[in-house]
$ cat final.cif   # mmCIF, C-alpha atoms
data_input
loop_
_atom_site.label_atom_id
_atom_site.label_comp_id
_atom_site.auth_asym_id
_atom_site.auth_seq_id
_atom_site.Cartn_x
_atom_site.Cartn_y
_atom_site.Cartn_z
CA MET Z 1 0.00 0.00 0.00
CA ARG Z 2 2.89 2.34 0.73
CA SER Z 3 3.90 2.47 -2.96
CA LEU Z 4 0.47 3.91 -3.85
CA ARG Z 5 1.47 7.17 -2.14
CA TYR Z 6 4.07 7.73 -4.87
CA ILE Z 7 1.75 7.24 -7.84
CA PRO Z 8 0.37 10.83 -7.87
CA ILE Z 9 3.94 12.22 -7.64
CA LEU Z 10 5.14 10.05 -10.52
CA LEU Z 11 2.07 10.99 -12.52
CA LEU Z 12 2.70 14.68 -11.85
CA MET Z 13 6.34 14.32 -12.95
CA HIS Z 14 5.21 12.67 -16.19
CA ILE Z 15 2.65 15.40 -16.88
CA CYS Z 16 5.21 18.15 -16.21
CA SER Z 17 7.77 16.45 -18.45
CA LYS Z 18 5.22 16.10 -21.24
CA SER Z 19 4.14 19.72 -20.79
CA ASN Z 20 7.73 20.95 -21.03
CA ALA Z 21 8.26 19.01 -24.26
CA GLN Z 22 5.11 20.48 -25.75
CA GLN Z 23 6.19 24.00 -24.77
CA GLN Z 24 9.56 23.58 -26.47
CA ALA Z 25 9.67 25.66 -29.63
CA THR Z 26 9.30 23.78 -32.89
CA ILE Z 27 12.41 24.96 -34.67
CA LEU Z 28 12.47 22.42 -37.50
CA GLU Z 29 9.09 21.80 -39.09
CA LYS Z 30 10.64 19.20 -41.43
CA PRO Z 31 13.90 17.26 -41.76
CA TYR Z 32 16.98 18.67 -43.47
CA SER Z 33 19.92 16.69 -44.86
CA PHE Z 34 23.61 17.33 -45.46
CA ILE Z 35 25.39 15.89 -48.50
CA ILE Z 36 28.44 13.93 -47.36
CA ALA Z 37 31.01 12.40 -49.71
CA ASP Z 38 30.40 9.05 -51.45
CA GLY Z 39 26.62 9.13 -51.19
CA GLU Z 40 26.40 9.34 -47.41
CA ILE Z 41 23.82 11.63 -45.85
CA SER Z 42 23.53 13.26 -42.44
CA ARG Z 43 19.89 14.08 -41.63
CA LEU Z 44 18.63 16.43 -38.93
CA GLN Z 45 15.12 16.37 -37.53
CA GLN Z 46 13.27 17.56 -34.43
CA ARG Z 47 11.01 15.34 -32.34
CA ASN Z 48 9.35 17.44 -29.65
CA ASP Z 49 12.25 18.58 -27.43
CA THR Z 50 14.81 16.31 -29.10
CA LEU Z 51 17.15 16.90 -32.04
CA GLN Z 52 18.12 13.75 -33.91
CA TRP Z 53 20.98 13.27 -36.35
CA LEU Z 54 20.32 10.32 -38.66
CA HIS Z 55 22.67 8.58 -41.07
CA GLY Z 56 21.76 7.15 -44.47
CA ARG Z 57 23.22 6.36 -47.87
CA LEU Z 58 22.20 6.97 -51.47
CA TYR Z 59 22.91 4.18 -53.94
CA ASP Z 60 21.21 5.94 -56.83
CA VAL Z 61 20.52 9.62 -57.54
CA SER Z 62 16.90 8.69 -58.30
CA GLN Z 63 16.48 8.02 -54.57
CA THR Z 64 16.51 11.78 -53.99
CA LYS Z 65 12.86 11.76 -55.11
CA ASN Z 66 11.88 10.07 -51.84
CA LEU Z 67 14.46 10.44 -49.10
CA ILE Z 68 11.97 9.36 -46.44
CA ALA Z 69 11.99 5.86 -47.94
CA LEU Z 70 15.72 5.40 -47.29
CA GLU Z 71 16.93 3.30 -44.38
CA TRP Z 72 17.90 5.71 -41.61
CA GLU Z 73 19.69 4.98 -38.38
CA VAL Z 74 19.93 7.39 -35.46
CA SER Z 75 23.56 8.38 -34.91
CA LYS Z 76 23.15 11.13 -32.28
CA GLN Z 77 20.33 12.48 -30.11
CA TYR Z 78 20.22 15.69 -28.10
CA LYS Z 79 17.64 17.12 -25.75
CA ILE Z 80 17.06 20.85 -26.30
CA ARG Z 81 17.55 22.24 -22.81
CA THR Z 82 17.00 25.90 -23.72
CA SER Z 83 16.54 27.88 -26.92
CA GLN Z 84 16.87 31.56 -27.75
CA HIS Z 85 15.83 33.17 -31.01
CA LYS Z 86 17.16 36.39 -32.45
CA ASP Z 87 16.81 37.58 -36.03
CA SER Z 88 17.20 34.43 -38.17
CA LEU Z 89 19.28 32.51 -35.62
CA TRP Z 90 18.34 29.96 -32.97
CA TYR Z 91 20.84 29.40 -30.16
CA LEU Z 92 20.32 25.95 -28.66
CA ALA Z 93 21.72 24.48 -25.45
CA LEU Z 94 21.84 20.72 -25.93
CA GLU Z 95 22.27 17.64 -23.76
CA ARG Z 96 23.62 14.48 -25.39
CA LEU Z 97 21.20 11.64 -24.70
CA ASP Z 98 23.25 8.78 -26.14
CA SER Z 99 25.25 6.92 -23.53
CA ILE Z 100 28.84 5.84 -24.15
CA PRO Z 101 28.84 2.04 -24.51
CA LEU Z 102 31.20 -0.08 -22.39
CA SER Z 103 32.15 2.96 -20.34
CA THR Z 104 32.43 3.44 -16.59
CA ASP Z 105 30.99 6.92 -17.18
CA PRO Z 106 28.21 6.40 -19.78
CA LEU Z 107 26.67 9.86 -19.22
CA PRO Z 108 29.61 12.18 -18.47
CA GLU Z 109 29.13 15.60 -16.92
CA ASP Z 110 30.56 17.28 -20.02
CA ARG Z 111 27.80 15.95 -22.31
CA PHE Z 112 26.37 19.43 -22.97
CA SER Z 113 26.96 21.66 -25.99
CA VAL Z 114 25.72 24.79 -27.77
CA ILE Z 115 24.89 25.22 -31.46
CA ALA Z 116 23.53 28.00 -33.63
CA LEU Z 117 20.97 27.22 -36.30
CA HIS Z 118 20.34 29.64 -39.15
CA GLN Z 119 16.95 29.52 -40.82
CA GLY Z 120 16.75 30.89 -44.33
CA ASN Z 121 13.89 30.57 -46.78
CA GLY Z 122 12.73 27.15 -45.58
CA GLN Z 123 14.74 25.31 -48.23
CA GLN Z 124 17.84 25.04 -46.07
CA VAL Z 125 19.23 25.54 -42.59
CA GLY Z 126 22.78 26.28 -41.46
CA ILE Z 127 24.33 24.58 -38.43
CA VAL Z 128 27.45 25.58 -36.50
CA GLN Z 129 28.87 24.26 -33.23
CA LEU Z 130 29.61 27.02 -30.76
CA ALA Z 131 30.76 25.04 -27.72
CA ILE Z 132 31.25 21.38 -26.79
CA GLY Z 133 32.25 19.47 -23.67
CA LEU Z 134 30.30 21.67 -21.26
CA ASN Z 135 28.78 20.77 -17.92
CA GLU Z 136 25.20 21.72 -17.13
CA GLN Z 137 26.12 24.74 -15.01
CA ALA Z 138 27.97 26.38 -17.91
CA LEU Z 139 25.12 26.18 -20.43
CA ASP Z 140 23.17 29.40 -19.91
CA SER Z 141 26.19 31.67 -19.64
CA THR Z 142 27.77 30.04 -22.70
CA VAL Z 143 24.67 30.57 -24.83
CA SER Z 144 24.49 34.22 -23.77
CA SER Z 145 28.14 34.77 -24.68
CA PHE Z 146 27.44 33.89 -28.33
CA ILE Z 147 24.31 36.01 -28.86
CA ASP Z 148 24.89 38.61 -31.60
CA ARG Z 149 28.09 36.98 -32.83
CA LYS Z 150 28.20 37.69 -36.58
CA GLU Z 151 31.31 35.90 -37.87
CA LEU Z 152 30.26 32.28 -38.29
CA PHE Z 153 30.63 29.65 -41.02
CA PHE Z 154 27.62 27.32 -41.28
CA THR Z 155 27.26 23.78 -42.60
CA THR Z 156 24.24 23.68 -44.93
CA TYR Z 157 21.43 21.13 -44.65
CA PHE Z 158 18.75 21.03 -47.37
CA CYS Z 159 15.07 20.03 -47.25
CA ASP Z 160 13.84 17.01 -49.24
CA ALA Z 161 12.31 19.16 -51.97
CA GLN Z 162 15.70 20.73 -52.63
CA TRP Z 163 17.31 17.31 -52.91
CA LYS Z 164 14.90 16.51 -55.73
CA VAL Z 165 16.15 19.62 -57.53
CA PHE Z 166 19.77 18.52 -57.05
CA GLY Z 167 18.95 15.13 -58.57
CA SER Z 168 17.88 16.83 -61.80
CA LEU Z 169 21.05 18.93 -62.19
CA ARG Z 170 23.87 17.96 -64.55
CA THR Z 171 26.70 15.92 -63.10
CA ILE Z 172 30.42 16.57 -63.21
CA GLU Z 173 31.37 14.29 -66.11
CA THR Z 174 34.47 15.54 -67.90
CA LYS Z 175 37.95 16.70 -67.01
CA ASP Z 176 36.84 20.09 -68.27
CA ASP Z 177 34.20 20.10 -65.54
CA VAL Z 178 36.83 19.12 -63.00
CA LEU Z 179 39.12 21.97 -64.04
CA ARG Z 180 36.29 24.49 -63.77
CA VAL Z 181 35.35 23.30 -60.29
CA ARG Z 182 38.96 23.21 -59.07
CA GLU Z 183 39.54 26.72 -60.40
CA LYS Z 184 36.50 27.94 -58.53
CA LEU Z 185 37.74 26.25 -55.35
CA GLN Z 186 40.81 28.48 -55.54
CA SER Z 187 38.79 31.69 -55.93
CA ASP Z 188 38.75 34.65 -53.54
CA GLU Z 189 35.19 33.77 -52.53
CA VAL Z 190 36.32 30.40 -51.17
CA LYS Z 191 39.26 32.06 -49.42
CA ASP Z 192 36.75 34.37 -47.71
CA TRP Z 193 34.75 31.32 -46.59
CA LEU Z 194 37.90 29.74 -45.16
CA ARG Z 195 38.71 32.91 -43.23
CA LEU Z 196 35.15 32.87 -41.88
CA TYR Z 197 35.55 29.23 -40.87
CA GLU Z 198 38.69 30.13 -38.94
CA SER Z 199 36.53 32.38 -36.74
CA ASN Z 200 34.32 29.43 -35.69
CA PRO Z 201 34.87 28.60 -32.00
CA VAL Z 202 34.76 24.83 -32.70
CA LYS Z 203 36.57 23.24 -35.63
CA GLU Z 204 36.73 19.73 -37.01
CA ILE Z 205 39.72 17.52 -36.33
CA TYR Z 206 40.07 16.34 -39.93
CA GLY Z 207 38.15 19.05 -41.81
CA THR Z 208 36.17 16.63 -43.98
CA GLY Z 209 32.89 18.42 -43.30
CA LEU Z 210 34.44 21.74 -44.27
CA THR Z 211 35.81 20.31 -47.53
CA THR Z 212 32.43 18.80 -48.37
CA GLU Z 213 30.59 22.03 -47.57
CA LEU Z 214 32.89 24.03 -49.85
CA LEU Z 215 32.44 21.57 -52.71
CA ASN Z 216 28.66 21.51 -52.21
CA ARG Z 217 28.46 25.31 -52.36
CA ILE Z 218 30.65 25.51 -55.47
CA SER Z 219 28.84 22.69 -57.29
CA ILE Z 220 25.42 24.23 -56.69
CA ALA Z 221 26.60 27.72 -57.68
CA MET Z 222 27.98 26.31 -60.96
CA GLY Z 223 24.82 24.35 -61.74
CA TYR Z 224 26.25 20.91 -60.95
CA ASN Z 225 24.64 18.20 -58.86
CA PRO Z 226 26.54 18.22 -55.53
CA ILE Z 227 25.48 14.66 -54.69
CA GLY Z 228 28.51 12.43 -55.16
CA ALA Z 229 30.54 15.29 -56.65
CA SER Z 230 33.61 14.59 -54.51
CA LYS Z 231 33.78 10.96 -55.62
CA ILE Z 232 33.43 11.92 -59.30
CA LEU Z 233 36.11 14.60 -58.97
CA GLN Z 234 38.51 12.16 -57.39
CA HIS Z 235 37.88 9.53 -60.08
CA LEU Z 236 38.30 11.94 -62.99
CA HIS Z 237 41.43 13.44 -61.45
CA GLN Z 238 43.06 10.01 -61.26
CA GLU Z 239 42.39 9.14 -64.90
#
$ encode --input "final.cif" --output "C-alpha cells"
Amino acid sequence: MRSLRYIPILLLMHICSKSNAQQQATILEKPYSFIIADGEISRLQQRNDTLQWLHGRLYDVSQTKNLIALEWEVSKQYKIRTSQHKDSLWYLALERLDSIPLSTDPLPEDRFSVIALHQGNGQQVGIVQLAIGLNEQALDSTVSSFIDRKELFFTTYFCDAQWKVFGSLRTIETKDDVLRVREKLQSDEVKDWLRLYESNPVKEIYGTGLTTELLNRISIAMGYNPIGASKILQHLHQE
C-alpha cells in the first residue's frame, strides 16, 4: 500500500515532463539533410524537445525523389535544454542523450553543448557548433556569450524538396568540368569562406565536413549536382 502514495507524484512528474516538451519551440518543421562524400547523408530532424541526427546512404541519384523511404539509423540524439531566437538565428543548449557504450561513465558531466541554427527561406538551414564538452552549469552563460556573434561559417542542410532539384542537375562528367570546379575552389570567394571558418569557436579535427561544404556550395553555384561530386572529382582526377 505504501507504494500507492508515490503514484500521484510520478504521474505529476510525467505530466510536467510532457508539458515541457510540448512547450519547447518547434524549430524544424521538417527534416533537413547534409550531402556527405560518397553518397552518405547526415539528416537532422526535431522530435518534440529532441534533435536527432540520422545517417543514411544513397545508392542511386533517383532516390533523392523520396528520401523518407531510405533506411535511416539514429547516430546522435540531443535534448534541447533551452533555446533563444534572435533575427534568423536559434541558439540551442543541448544535452547528449546517447550513452557511451562499455564505459564506466556512460553519461559524463561534459555531455552538454551549444549550437547556432540559421533559418533561411525554408529550403535550407545552417548549423554551426559554438561550444562542446560543457557541464550543465555552464550552459546558460555560454549561450548568452554567443548572442549577436556575426562571424560564423555554417554547414548547410537542405530540405527534401531541394534534394529533388539537385537530382535533376547535370553531373560533373568531364575533365573540363573538374578543371572548372577546381579553379572555382581556388577563388577569392572560397578564401573568404575559409577565413570565416577560422573564426568558428569549434573546428573539425580532420576538416572533412568543411571540404564537403565548400564543394557543395561551389557545385550548386555552378549548376552541378553536388550529390557524389567529390567521388566523381577524385575519379576523374586520377584518370
$ residues_around --input "final.cif" --residues "Phe153 in chain Z" --least-positions-apart "4" --cutoff "7 Å" --atoms "all atoms listed in the file" --output "short mmCIF file (atom, residue, chain, number, x, y, z; two decimals) with C-alpha atoms, in the frame of the given file"
data_model
loop_
_atom_site.label_atom_id
_atom_site.label_comp_id
_atom_site.auth_asym_id
_atom_site.auth_seq_id
_atom_site.Cartn_x
_atom_site.Cartn_y
_atom_site.Cartn_z
CA VAL Z 128 27.45 25.58 -36.50
CA LEU Z 196 35.15 32.87 -41.88
CA TYR Z 197 35.55 29.23 -40.87
CA ASN Z 200 34.32 29.43 -35.69
#
$ residues_around --input "final.cif" --residues "range 108-116 of chain Z" --least-positions-apart "4" --cutoff "10 Å" --atoms "all atoms listed in the file" --output "JSON, numbers by chain"
{"Z": [78, 79, 80, 81, 82, 83, 84, 85, 89, 90, 91, 92, 93, 94, 95, 96, 97, 98, 99, 100, 103, 104, 126, 127, 128, 129, 130, 131, 132, 133, 134, 135, 136, 137, 138, 139, 140, 142, 143, 146, 147, 152, 154, 202]}
$ resolve_selection --input "final.cif" --expression "the PyMOL selection byres ((chain Z and resi 67-69) around 10)" --output "VMD selection string"
chain Z and resid 31 33 41 43 56 to 58 62 to 66 70 to 72 159 to 161 163 to 164
$ atom_distance --input "final.cif" --atom1 "CA of Gly209 in chain Z" --atom2 "CA of Ala37 in chain Z"
9.0 Å
$ atom_distance --input "final.cif" --atom1 "CA of Gln186 in chain Z" --atom2 "CA of Arg149 in chain Z"
27.4 Å
$ atom_distance --input "final.cif" --atom1 "CA of Lys184 in chain Z" --atom2 "CA of His55 in chain Z"
29.5 Å
$ resolve_selection --input "final.cif" --expression "the PyMOL selection byres ((chain Z and resi 35) around 12)" --output "MDAnalysis selection string"
chainID Z and resid 32:34 36:44 55:58 64 155:160 162:163 166:167 208:217 219:220 225:230
$ closest_residue --input "final.cif" --among "Z:Ala221, Z:Val125, Z:Leu233, Z:Ile205" --to "Val178 in chain Z" --atoms "only C-alpha atoms"
Z:Leu233
$ closest_residue --input "final.cif" --among "Z:Gln124, Z:Ser75, Z:Ser168, Z:Ser145" --to "Leu28 in chain Z" --atoms "all atoms listed in the file"
Z:Gln124
$ closest_residue --input "final.cif" --among "Z:Val165, Z:Leu51, Z:Leu107, Z:Ile218" --to "Ser187 in chain Z" --atoms "only C-alpha atoms"
Z:Ile218
$ closest_residue --input "final.cif" --among "Z:Gln77, Z:Asp192, Z:Ile27, Z:Val181" --to "Thr50 in chain Z" --atoms "only C-alpha atoms"
Z:Gln77
$ build_atoms --input "final.cif" --residues "range 72-85 of chain Z" --atoms "N, CA, C and O atoms" --output "tab-separated table (two decimals), keeping the file's coordinate frame"
chain	number	residue	atom	x	y	z
Z	72	TRP	N	17.21	4.73	-42.45
Z	72	TRP	CA	17.90	5.71	-41.61
Z	72	TRP	C	18.20	5.08	-40.25
Z	72	TRP	O	17.38	4.35	-39.69
Z	73	GLU	N	19.37	5.39	-39.74
Z	73	GLU	CA	19.69	4.98	-38.38
Z	73	GLU	C	20.07	6.22	-37.57
Z	73	GLU	O	20.70	7.14	-38.09
Z	74	VAL	N	19.64	6.24	-36.33
Z	74	VAL	CA	19.93	7.39	-35.46
Z	74	VAL	C	21.39	7.31	-35.02
Z	74	VAL	O	21.83	6.32	-34.45
Z	75	SER	N	22.15	8.37	-35.31
Z	75	SER	CA	23.56	8.38	-34.91
Z	75	SER	C	23.79	9.21	-33.65
Z	75	SER	O	24.66	8.88	-32.84
Z	76	LYS	N	23.01	10.28	-33.47
Z	76	LYS	CA	23.15	11.13	-32.28
Z	76	LYS	C	21.79	11.70	-31.90
Z	76	LYS	O	20.97	12.00	-32.77
Z	77	GLN	N	21.57	11.86	-30.59
Z	77	GLN	CA	20.33	12.48	-30.11
Z	77	GLN	C	20.67	13.48	-29.01
Z	77	GLN	O	21.49	13.20	-28.13
Z	78	TYR	N	20.00	14.63	-29.09
Z	78	TYR	CA	20.22	15.69	-28.10
Z	78	TYR	C	18.89	16.24	-27.61
Z	78	TYR	O	17.98	16.50	-28.41
Z	79	LYS	N	18.79	16.42	-26.32
Z	79	LYS	CA	17.64	17.12	-25.75
Z	79	LYS	C	17.91	18.61	-25.82
Z	79	LYS	O	19.00	19.08	-25.47
Z	80	ILE	N	16.93	19.39	-26.28
Z	80	ILE	CA	17.06	20.85	-26.30
Z	80	ILE	C	16.74	21.37	-24.90
Z	80	ILE	O	15.58	21.38	-24.49
Z	81	ARG	N	17.75	21.77	-24.18
Z	81	ARG	CA	17.55	22.24	-22.81
Z	81	ARG	C	16.96	23.64	-22.80
Z	81	ARG	O	16.02	23.94	-22.06
Z	82	THR	N	17.54	24.55	-23.58
Z	82	THR	CA	17.00	25.90	-23.72
Z	82	THR	C	17.19	26.35	-25.16
Z	82	THR	O	18.06	25.84	-25.88
Z	83	SER	N	16.40	27.32	-25.57
Z	83	SER	CA	16.54	27.88	-26.92
Z	83	SER	C	16.27	29.37	-26.87
Z	83	SER	O	15.38	29.83	-26.15
Z	84	GLN	N	17.07	30.11	-27.62
Z	84	GLN	CA	16.87	31.56	-27.75
Z	84	GLN	C	16.86	31.91	-29.23
Z	84	GLN	O	17.68	31.38	-30.00
Z	85	HIS	N	15.97	32.79	-29.60
Z	85	HIS	CA	15.83	33.17	-31.01
Z	85	HIS	C	16.08	34.66	-31.17
Z	85	HIS	O	15.56	35.47	-30.41
